>>> print(open('protein29.cif').read())   # mmCIF, C-alpha atoms
data_query
loop_
_atom_site.label_atom_id
_atom_site.label_comp_id
_atom_site.auth_asym_id
_atom_site.auth_seq_id
_atom_site.Cartn_x
_atom_site.Cartn_y
_atom_site.Cartn_z
CA MET A 17 -0.85 -29.10 -2.34
CA THR A 18 -4.02 -27.36 -3.47
CA ALA A 19 -3.12 -24.61 -5.93
CA THR A 20 -4.78 -22.47 -8.52
CA SER A 21 -3.32 -20.18 -11.19
CA ARG A 22 -4.51 -17.42 -13.45
CA GLY A 23 -3.08 -14.77 -15.75
CA PHE A 24 -4.03 -11.11 -15.34
CA ARG A 25 -3.55 -8.24 -17.74
CA ARG A 26 -0.56 -6.06 -16.91
CA GLU A 27 -2.47 -3.03 -15.59
CA PHE A 28 -3.62 -1.63 -12.26
CA ALA A 29 -7.22 -2.12 -13.33
CA SER A 30 -6.64 -5.87 -13.04
CA LEU A 31 -6.45 -5.60 -9.26
CA GLU A 32 -10.18 -6.08 -8.76
CA GLU A 33 -9.99 -9.40 -10.59
CA VAL A 34 -6.83 -10.34 -8.72
CA PHE A 35 -8.53 -9.74 -5.37
CA ALA A 36 -11.58 -11.76 -6.45
CA PHE A 37 -9.26 -14.60 -7.46
CA LEU A 38 -7.52 -14.49 -4.08
CA GLU A 39 -10.80 -14.26 -2.19
CA ASP A 40 -12.10 -17.41 -3.88
CA PHE A 41 -9.08 -19.22 -2.50
CA THR A 42 -9.05 -17.73 1.00
CA GLU A 43 -12.75 -18.45 1.46
CA VAL A 44 -12.46 -22.07 0.39
CA GLU A 45 -9.40 -22.54 2.58
CA GLU A 46 -11.02 -20.65 5.47
CA VAL A 47 -8.05 -18.35 5.80
CA GLY A 48 -8.44 -15.87 8.66
CA ASP A 49 -9.13 -12.17 8.13
CA ARG A 50 -5.64 -11.03 9.05
CA GLU A 51 -3.90 -13.53 6.77
CA ALA A 52 -6.33 -12.80 3.94
CA PHE A 53 -5.55 -9.09 4.33
CA CYS A 54 -1.81 -9.89 4.22
CA ILE A 55 -2.20 -12.09 1.13
CA ASN A 56 -4.09 -9.34 -0.70
CA LEU A 57 -1.51 -6.76 0.27
CA VAL A 58 1.51 -8.87 -0.65
CA VAL A 59 0.09 -9.81 -4.04
CA GLU A 60 -0.93 -6.23 -4.80
CA GLU A 61 2.52 -4.89 -3.95
CA LEU A 62 4.32 -7.50 -6.05
CA PHE A 63 1.85 -7.26 -8.94
CA THR A 64 1.90 -3.45 -9.12
CA ASN A 65 5.68 -3.48 -8.83
CA MET A 66 5.78 -5.65 -11.94
CA VAL A 67 3.31 -3.38 -13.75
CA ARG A 68 5.31 -0.26 -12.86
CA HIS A 69 8.83 -1.45 -13.42
CA ASN A 70 8.64 -4.09 -16.11
CA GLU A 71 7.53 -1.88 -18.96
CA GLY A 72 7.55 -3.71 -22.25
CA GLY A 73 6.87 -7.00 -20.52
CA GLY A 74 4.34 -9.56 -21.68
CA GLU A 75 0.62 -8.91 -21.77
CA SER A 76 -0.15 -10.77 -18.59
CA ILE A 77 1.26 -11.64 -15.20
CA ALA A 78 0.57 -15.10 -13.81
CA VAL A 79 -0.51 -15.46 -10.18
CA THR A 80 -0.58 -18.79 -8.39
CA ILE A 81 -1.84 -19.41 -4.87
CA GLY A 82 -1.68 -22.71 -3.04
CA ARG A 83 -1.58 -24.21 0.39
CA VAL A 84 0.37 -26.94 2.12
CA ASP A 85 -0.65 -27.55 5.71
CA ASP A 86 -0.38 -24.21 7.51
CA TYR A 87 1.50 -22.42 4.74
CA VAL A 88 0.15 -20.41 1.84
CA HIS A 89 2.43 -20.26 -1.19
CA LEU A 90 2.16 -17.42 -3.68
CA GLU A 91 3.94 -17.12 -6.97
CA LEU A 92 3.94 -14.28 -9.49
CA VAL A 93 5.54 -14.82 -12.88
CA ASP A 94 6.31 -12.01 -15.28
CA PHE A 95 7.31 -12.66 -18.86
CA ASP A 96 9.69 -10.97 -21.29
CA VAL A 97 11.18 -8.66 -18.65
CA SER A 98 14.59 -7.62 -17.36
CA PRO A 99 15.82 -9.02 -14.03
CA PHE A 100 14.99 -7.27 -10.77
CA ASP A 101 15.45 -8.99 -7.44
CA PRO A 102 13.00 -7.46 -4.95
CA SER A 103 14.97 -8.84 -2.03
CA SER A 104 17.84 -6.55 -3.06
CA ALA A 105 15.73 -3.39 -2.80
CA ALA A 106 17.08 -0.68 -0.50
CA LYS A 107 15.99 -0.88 3.11
CA VAL A 108 13.37 1.55 4.33
CA SER A 109 14.20 3.43 7.52
CA VAL A 110 10.94 3.09 9.42
CA THR A 111 12.26 4.99 12.41
CA ALA A 112 13.19 8.16 10.51
CA GLY A 113 11.22 11.31 11.15
CA LEU A 114 8.82 12.93 8.75
CA ALA A 115 11.41 15.23 7.22
CA GLU A 116 13.74 12.34 6.39
CA ARG A 117 11.08 9.97 5.12
CA ASN A 118 9.76 9.48 1.63
CA PRO A 119 7.14 6.95 0.59
CA GLY A 120 9.40 5.13 -1.87
CA GLY A 121 10.12 1.46 -1.28
CA LEU A 122 7.23 0.93 1.12
CA GLY A 123 5.60 -1.80 -0.94
CA LEU A 124 8.55 -4.17 -0.93
CA HIS A 125 9.24 -3.36 2.72
CA ILE A 126 5.67 -4.41 3.55
CA VAL A 127 6.06 -7.62 1.56
CA LYS A 128 9.36 -8.57 3.18
CA THR A 129 7.95 -7.88 6.64
CA MET A 130 4.70 -9.77 6.19
CA VAL A 131 5.91 -13.00 4.60
CA ASP A 132 7.97 -15.80 6.05
CA GLU A 133 10.00 -16.45 2.93
CA LEU A 134 10.60 -14.61 -0.33
CA THR A 135 12.54 -16.09 -3.23
CA TYR A 136 13.34 -14.75 -6.65
CA ASP A 137 14.62 -16.39 -9.77
CA TYR A 138 15.17 -15.27 -13.30
CA ASP A 139 15.31 -17.36 -16.44
CA ASP A 140 17.76 -15.60 -18.78
CA GLU A 141 16.84 -17.64 -21.81
CA ASN A 142 13.12 -16.89 -21.59
CA ARG A 143 13.45 -13.50 -19.81
CA ARG A 144 11.04 -14.76 -17.18
CA MET A 145 10.96 -13.49 -13.60
CA ARG A 146 9.40 -15.48 -10.80
CA ILE A 147 8.80 -14.27 -7.27
CA SER A 148 7.63 -16.80 -4.71
CA VAL A 149 6.53 -16.09 -1.17
CA THR A 150 5.39 -18.22 1.71
CA LYS A 151 3.09 -17.05 4.46
CA ARG A 152 2.44 -19.12 7.56
CA LEU A 153 -1.17 -19.20 8.68
CA GLU A 154 -2.00 -18.69 12.32
CA ARG A 155 -3.88 -21.55 13.93
CA MET B 24 -14.87 -0.61 -4.64
CA PHE B 25 -13.66 2.66 -3.16
CA GLU B 26 -15.48 5.87 -2.29
CA ILE B 27 -14.21 9.08 -0.78
CA GLN B 28 -16.06 12.18 0.30
CA ARG B 29 -15.59 15.26 2.41
CA SER B 30 -18.27 15.94 4.98
CA ILE B 31 -19.67 19.36 5.91
CA ASN B 32 -17.34 19.57 8.92
CA GLY B 33 -14.34 18.92 6.65
CA THR B 34 -13.64 15.33 7.67
CA ILE B 35 -12.60 13.05 4.86
CA GLN B 36 -14.40 9.72 4.87
CA MET B 37 -13.14 6.76 2.88
CA LEU B 38 -15.06 3.60 2.18
CA GLY B 39 -13.94 0.28 0.72
CA ARG B 40 -10.50 -0.55 -0.58
CA LEU B 41 -7.81 2.00 -1.35
CA ASP B 42 -5.52 0.11 -3.70
CA ALA B 43 -3.29 1.23 -6.56
CA SER B 44 -6.16 1.23 -9.03
CA GLN B 45 -8.15 3.68 -6.87
CA VAL B 46 -5.48 6.05 -5.71
CA GLU B 47 -6.16 8.65 -8.41
CA LYS B 48 -9.72 9.00 -7.13
CA ALA B 49 -8.37 9.64 -3.64
CA GLU B 50 -5.74 12.00 -5.00
CA ASP B 51 -8.44 14.26 -6.44
CA VAL B 52 -9.72 14.86 -2.90
CA PHE B 53 -6.44 14.90 -0.96
CA ASP B 54 -4.89 17.39 -3.37
CA GLN B 55 -7.64 19.88 -2.41
CA ILE B 56 -6.71 19.84 1.28
CA VAL B 57 -4.94 23.04 2.31
CA GLU B 58 -5.22 22.97 6.10
CA SER B 59 -5.36 20.48 8.98
CA CYS B 60 -7.89 17.75 8.38
CA VAL B 61 -9.29 14.59 9.96
CA VAL B 62 -9.40 11.43 7.84
CA ASP B 63 -11.92 8.85 9.01
CA PHE B 64 -10.92 5.26 8.24
CA ALA B 65 -14.01 3.68 9.86
CA GLU B 66 -15.35 2.27 6.59
CA LEU B 67 -11.99 1.68 4.92
CA LYS B 68 -11.28 -2.05 4.78
CA TYR B 69 -7.92 -2.10 3.04
CA ILE B 70 -5.01 0.10 2.06
CA SER B 71 -1.77 -0.61 0.21
CA SER B 72 1.45 1.35 -0.23
CA ALA B 73 -0.14 3.39 -3.04
CA GLY B 74 -2.68 4.86 -0.61
CA LEU B 75 -0.12 5.20 2.17
CA GLY B 76 2.11 7.17 -0.18
CA LEU B 77 -0.69 9.60 -0.99
CA ILE B 78 -1.61 10.12 2.66
CA PHE B 79 2.05 10.54 3.59
CA ALA B 80 2.66 13.11 0.82
CA THR B 81 -0.44 15.07 1.83
CA HIS B 82 0.55 15.05 5.50
CA LYS B 83 4.09 16.19 4.68
CA ARG B 84 2.77 19.03 2.55
CA LEU B 85 0.43 20.15 5.33
CA VAL B 86 3.10 19.93 8.04
CA ASP B 87 5.38 22.11 5.93
CA GLY B 88 2.60 24.69 6.03
CA GLY B 89 1.93 24.32 9.75
CA GLY B 90 -0.96 21.83 9.50
CA ALA B 91 -1.37 18.06 9.72
CA LEU B 92 -3.61 15.09 8.98
CA THR B 93 -5.22 13.24 11.89
CA LEU B 94 -6.26 9.68 11.12
CA ILE B 95 -9.10 8.10 13.09
CA ASN B 96 -10.86 4.74 13.37
CA LEU B 97 -8.22 2.56 11.68
CA ASN B 98 -9.12 -1.12 11.71
CA PRO B 99 -6.52 -3.47 13.27
CA HIS B 100 -5.18 -4.68 9.89
CA ILE B 101 -4.63 -1.17 8.59
CA ARG B 102 -3.12 -0.11 11.90
CA GLU B 103 -0.66 -3.00 11.57
CA VAL B 104 0.39 -1.70 8.14
CA PHE B 105 1.01 1.72 9.69
CA GLU B 106 3.14 0.07 12.36
CA ILE B 107 5.11 -2.01 9.85
CA THR B 108 5.94 1.12 7.86
CA GLY B 109 6.71 3.23 10.91
CA PHE B 110 3.92 5.62 9.97
CA HIS B 111 2.43 5.29 13.45
CA HIS B 112 5.35 7.50 14.58
CA ILE B 113 4.60 10.09 11.92
CA PHE B 114 0.82 10.39 12.13
CA GLU B 115 -1.49 11.13 14.97
CA LEU B 116 -3.70 8.03 15.07
CA SER B 117 -6.80 7.81 17.20
#
>>> encode(input="protein29.cif", output="structure tokens")
Amino acid sequence: MTATSRGFRREFASLEEVFAFLEDFTEVEEVGDREAFCINLVVEELFTNMVRHNEGGGESIAVTIGRVDDYVHLELVDFDVSPFDPSSAAKVSVTAGLAERNPGGLGLHIVKTMVDELTYDYDDENRRMRISVTKRLER
Amino acid sequence: MFEIQRSINGTIQMLGRLDASQVEKAEDVFDQIVESCVVDFAELKYISSAGLGLIFATHKRLVDGGGALTLINLNPHIREVFEITGFHHIFELS
């Protein structure tokens, strides 16, 4: 597996660096435009979710991206935080009308829809959260 | 990089990437909209839930007052995000 990792400061302003980091990988791996868009979107939603909801967490969030055959593996690790399993987030009703809709929960809905697999684990002893996702690349 | 401007005919044009770090810049413009408006996505390459939330909130506010946002020239990737979120049922897309 080819993989690369980097830590990013826990702030929205880090996104530009995060996208540059992802682009380096997707260019080298010749990932298609649609999958590269998905990878950016999934990482942004998970990263900003950690920034928003894990107040008091460590200074940085670690992002790893790697590839095995036709699958891209992404991992985000947040340190010194309380547990939150994104797969347990409330479902978004995408068929509801305007009056019944609110924009909450869209980010995790997008992630869960776009990836092939999402796993979460939490290390109680070290208060470390890890979210891993797998995205299959189209041939 | 993200830029947003309102043209003389009132159309809002966005350029670049509307991510969570740029949404406040977009908010400054969308918050000024008080009647129906066209938003041109032709030069917008990327949008995340932060931008979708802003556009949704603006549209809802306008609809409550009898107006609406019309979104034009979405690229296929952004259109897919609208479909995933069900927003293609809520907005007029062209």
>>> resolve_selection(input="protein29.cif", expression="the PyMOL selection byres ((chain A) within 7 of (chain B))", output="list in words")
Phe28, Ala29, Leu31, Arg50, Leu57, Val110, Thr111, Gly113, Leu114, Pro119, Leu122, Gly123 and Ile126 of chain A
>>> atom_distance(input="protein29.cif", atom1="CA of Asp94 in chain A", atom2="CA of Val46 in chain B")
23.6 Å
>>> residues_around(input="protein29.cif", residues="Thr150 in chain A", least_positions_apart="3", cutoff="8 Å", atoms="all atoms listed in the file", output="number ranges by chain")
A: 87-90, 131-134
>>> closest_residue(input="protein29.cif", among="B:Ile27, B:Val62, B:Ile95, B:Leu116", to="Leu41 in chain B", atoms="only C-alpha atoms")
B:Ile27
>>> atom_distance(input="protein29.cif", atom1="CA of Ala52 in chain A", atom2="CA of Glu27 in chain A")
22.2 Å
>>> atom_distance(input="protein29.cif", atom1="CA of Glu115 in chain B", atom2="CA of Thr93 in chain B")
5.3 Å
>>> residues_around(input="protein29.cif", residues="range 19-25 of chain A", least_positions_apart="6", cutoff="9 Å", atoms="only C-alpha atoms", output="VMD selection string")
chain A and resid 31 33 to 34 37 41 74 to 83 89 91
>>> resolve_selection(input="protein29.cif", expression="the PyMOL selection byres ((chain B and resi 55) around 12)", output="MDAnalysis selection string")
chainID B and resid 28:29 33 35 49:54 56:60 81 84:85
>>> resolve_selection(input="protein29.cif", expression="the PyMOL selection byres ((chain A and resi 138) around 12)", output="CSV table (one decimal) with C-alpha atoms, in the coordinates of the input")
chain,number,residue,atom,x,y,z
A,92,LEU,CA,3.9,-14.3,-9.5
A,93,VAL,CA,5.5,-14.8,-12.9
A,94,ASP,CA,6.3,-12.0,-15.3
A,95,PHE,CA,7.3,-12.7,-18.9
A,96,ASP,CA,9.7,-11.0,-21.3
A,97,VAL,CA,11.2,-8.7,-18.6
A,98,SER,CA,14.6,-7.6,-17.4
A,99,PRO,CA,15.8,-9.0,-14.0
A,100,PHE,CA,15.0,-7.3,-10.8
A,101,ASP,CA,15.4,-9.0,-7.4
A,102,PRO,CA,13.0,-7.5,-5.0
A,135,THR,CA,12.5,-16.1,-3.2
A,136,TYR,CA,13.3,-14.8,-6.6
A,137,ASP,CA,14.6,-16.4,-9.8
A,139,ASP,CA,15.3,-17.4,-16.4
A,140,ASP,CA,17.8,-15.6,-18.8
A,141,GLU,CA,16.8,-17.6,-21.8
A,142,ASN,CA,13.1,-16.9,-21.6
A,143,ARG,CA,13.4,-13.5,-19.8
A,144,ARG,CA,11.0,-14.8,-17.2
A,145,MET,CA,11.0,-13.5,-13.6
A,146,ARG,CA,9.4,-15.5,-10.8
A,147,ILE,CA,8.8,-14.3,-7.3
A,148,SER,CA,7.6,-16.8,-4.7
>>> closest_residue(input="protein29.cif", among="A:Glu60, A:Asp49, A:Asp86, A:Glu116", to="Leu153 in chain A", atoms="only C-alpha atoms")
A:Asp86
>>> build_atoms(input="protein29.cif", residues="range 106-117 of chain B", atoms="all heavy atoms", output="PDB file, keeping the file's coordinate frame")
ATOM      1  N   GLU B 106       2.051   0.402  11.440  1.00  0.00           N
ATOM      2  CA  GLU B 106       3.140   0.070  12.360  1.00  0.00           C
ATOM      3  C   GLU B 106       4.330  -0.530  11.604  1.00  0.00           C
ATOM      4  O   GLU B 106       5.489  -0.202  11.880  1.00  0.00           O
ATOM      5  CB  GLU B 106       2.628  -0.902  13.436  1.00  0.00           C
ATOM      6  CG  GLU B 106       1.676  -0.213  14.413  1.00  0.00           C
ATOM      7  CD  GLU B 106       0.930  -1.170  15.315  1.00  0.00           C
ATOM      8  OE1 GLU B 106       1.116  -2.404  15.182  1.00  0.00           O
ATOM      9  OE2 GLU B 106       0.129  -0.694  16.147  1.00  0.00           O
ATOM     10  N   ILE B 107       4.045  -1.393  10.637  1.00  0.00           N
ATOM     11  CA  ILE B 107       5.110  -2.010   9.850  1.00  0.00           C
ATOM     12  C   ILE B 107       5.938  -0.944   9.124  1.00  0.00           C
ATOM     13  O   ILE B 107       7.150  -1.049   8.993  1.00  0.00           O
ATOM     14  CB  ILE B 107       4.501  -3.005   8.826  1.00  0.00           C
ATOM     15  CG1 ILE B 107       4.045  -4.274   9.540  1.00  0.00           C
ATOM     16  CG2 ILE B 107       5.487  -3.335   7.708  1.00  0.00           C
ATOM     17  CD1 ILE B 107       3.245  -5.207   8.647  1.00  0.00           C
ATOM     18  N   THR B 108       5.252   0.075   8.636  1.00  0.00           N
ATOM     19  CA  THR B 108       5.940   1.120   7.860  1.00  0.00           C
ATOM     20  C   THR B 108       6.494   2.240   8.727  1.00  0.00           C
ATOM     21  O   THR B 108       7.142   3.152   8.207  1.00  0.00           O
ATOM     22  CB  THR B 108       4.975   1.718   6.818  1.00  0.00           C
ATOM     23  OG1 THR B 108       3.805   2.197   7.502  1.00  0.00           O
ATOM     24  CG2 THR B 108       4.563   0.686   5.791  1.00  0.00           C
ATOM     25  N   GLY B 109       6.234   2.171  10.021  1.00  0.00           N
ATOM     26  CA  GLY B 109       6.710   3.230  10.910  1.00  0.00           C
ATOM     27  C   GLY B 109       5.851   4.494  10.843  1.00  0.00           C
ATOM     28  O   GLY B 109       6.183   5.498  11.464  1.00  0.00           O
ATOM     29  N   PHE B 110       4.761   4.433  10.113  1.00  0.00           N
ATOM     30  CA  PHE B 110       3.920   5.620   9.970  1.00  0.00           C
ATOM     31  C   PHE B 110       3.160   5.952  11.267  1.00  0.00           C
ATOM     32  O   PHE B 110       2.660   7.050  11.407  1.00  0.00           O
ATOM     33  CB  PHE B 110       2.923   5.437   8.813  1.00  0.00           C
ATOM     34  CG  PHE B 110       3.498   5.732   7.460  1.00  0.00           C
ATOM     35  CD1 PHE B 110       4.861   5.908   7.284  1.00  0.00           C
ATOM     36  CD2 PHE B 110       2.673   5.857   6.353  1.00  0.00           C
ATOM     37  CE1 PHE B 110       5.399   6.187   6.024  1.00  0.00           C
ATOM     38  CE2 PHE B 110       3.194   6.144   5.089  1.00  0.00           C
ATOM     39  CZ  PHE B 110       4.548   6.312   4.937  1.00  0.00           C
ATOM     40  N   HIS B 111       3.105   4.995  12.178  1.00  0.00           N
ATOM     41  CA  HIS B 111       2.430   5.290  13.450  1.00  0.00           C
ATOM     42  C   HIS B 111       3.233   6.307  14.262  1.00  0.00           C
ATOM     43  O   HIS B 111       2.711   6.901  15.203  1.00  0.00           O
ATOM     44  CB  HIS B 111       2.173   4.013  14.245  1.00  0.00           C
ATOM     45  CG  HIS B 111       3.405   3.273  14.644  1.00  0.00           C
ATOM     46  ND1 HIS B 111       4.398   2.921  13.757  1.00  0.00           N
ATOM     47  CD2 HIS B 111       3.823   2.798  15.859  1.00  0.00           C
ATOM     48  CE1 HIS B 111       5.350   2.261  14.393  1.00  0.00           C
ATOM     49  NE2 HIS B 111       5.035   2.188  15.658  1.00  0.00           N
ATOM     50  N   HIS B 112       4.539   6.473  13.916  1.00  0.00           N
ATOM     51  CA  HIS B 112       5.350   7.500  14.580  1.00  0.00           C
ATOM     52  C   HIS B 112       5.149   8.866  13.933  1.00  0.00           C
ATOM     53  O   HIS B 112       5.472   9.887  14.530  1.00  0.00           O
ATOM     54  CB  HIS B 112       6.836   7.135  14.491  1.00  0.00           C
ATOM     55  CG  HIS B 112       7.206   5.883  15.207  1.00  0.00           C
ATOM     56  ND1 HIS B 112       6.899   5.664  16.520  1.00  0.00           N
ATOM     57  CD2 HIS B 112       7.870   4.779  14.781  1.00  0.00           C
ATOM     58  CE1 HIS B 112       7.360   4.471  16.887  1.00  0.00           C
ATOM     59  NE2 HIS B 112       7.937   3.917  15.843  1.00  0.00           N
ATOM     60  N   ILE B 113       4.668   8.861  12.716  1.00  0.00           N
ATOM     61  CA  ILE B 113       4.600  10.090  11.920  1.00  0.00           C
ATOM     62  C   ILE B 113       3.231  10.736  12.000  1.00  0.00           C
ATOM     63  O   ILE B 113       3.105  11.968  11.992  1.00  0.00           O
ATOM     64  CB  ILE B 113       4.979   9.776  10.456  1.00  0.00           C
ATOM     65  CG1 ILE B 113       6.490   9.496  10.380  1.00  0.00           C
ATOM     66  CG2 ILE B 113       4.578  10.889   9.504  1.00  0.00           C
ATOM     67  CD1 ILE B 113       6.967   9.045   9.031  1.00  0.00           C
ATOM     68  N   PHE B 114       2.207   9.888  12.099  1.00  0.00           N
ATOM     69  CA  PHE B 114       0.820  10.390  12.130  1.00  0.00           C
ATOM     70  C   PHE B 114       0.254  10.347  13.529  1.00  0.00           C
ATOM     71  O   PHE B 114       0.620   9.486  14.336  1.00  0.00           O
ATOM     72  CB  PHE B 114      -0.082   9.535  11.230  1.00  0.00           C
ATOM     73  CG  PHE B 114       0.175   9.709   9.763  1.00  0.00           C
ATOM     74  CD1 PHE B 114       1.062   8.878   9.095  1.00  0.00           C
ATOM     75  CD2 PHE B 114      -0.479  10.706   9.043  1.00  0.00           C
ATOM     76  CE1 PHE B 114       1.294   9.032   7.735  1.00  0.00           C
ATOM     77  CE2 PHE B 114      -0.235  10.858   7.694  1.00  0.00           C
ATOM     78  CZ  PHE B 114       0.640  10.026   7.038  1.00  0.00           C
ATOM     79  N   GLU B 115      -0.688  11.242  13.758  1.00  0.00           N
ATOM     80  CA  GLU B 115      -1.490  11.130  14.970  1.00  0.00           C
ATOM     81  C   GLU B 115      -2.635  10.188  14.648  1.00  0.00           C
ATOM     82  O   GLU B 115      -3.489  10.499  13.788  1.00  0.00           O
ATOM     83  CB  GLU B 115      -2.019  12.507  15.391  1.00  0.00           C
ATOM     84  CG  GLU B 115      -2.787  12.479  16.704  1.00  0.00           C
ATOM     85  CD  GLU B 115      -3.300  13.852  17.122  1.00  0.00           C
ATOM     86  OE1 GLU B 115      -2.710  14.867  16.706  1.00  0.00           O
ATOM     87  OE2 GLU B 115      -4.302  13.886  17.858  1.00  0.00           O
ATOM     88  N   LEU B 116      -2.657   9.038  15.312  1.00  0.00           N
ATOM     89  CA  LEU B 116      -3.700   8.030  15.070  1.00  0.00           C
ATOM     90  C   LEU B 116      -4.608   7.984  16.286  1.00  0.00           C
ATOM     91  O   LEU B 116      -4.130   7.979  17.424  1.00  0.00           O
ATOM     92  CB  LEU B 116      -3.088   6.648  14.845  1.00  0.00           C
ATOM     93  CG  LEU B 116      -1.994   6.501  13.786  1.00  0.00           C
ATOM     94  CD1 LEU B 116      -1.483   5.070  13.743  1.00  0.00           C
ATOM     95  CD2 LEU B 116      -2.519   6.898  12.423  1.00  0.00           C
ATOM     96  N   SER B 117      -5.888   7.936  16.050  1.00  0.00           N
ATOM     97  CA  SER B 117      -6.800   7.810  17.200  1.00  0.00           C
ATOM     98  C   SER B 117      -7.999   6.977  16.805  1.00  0.00           C
ATOM     99  O   SER B 117      -8.183   6.649  15.646  1.00  0.00           O
ATOM    100  CB  SER B 117      -7.236   9.173  17.702  1.00  0.00           C
ATOM    101  OG  SER B 117      -7.909   9.898  16.695  1.00  0.00           O
TER     102      SER B 117
END
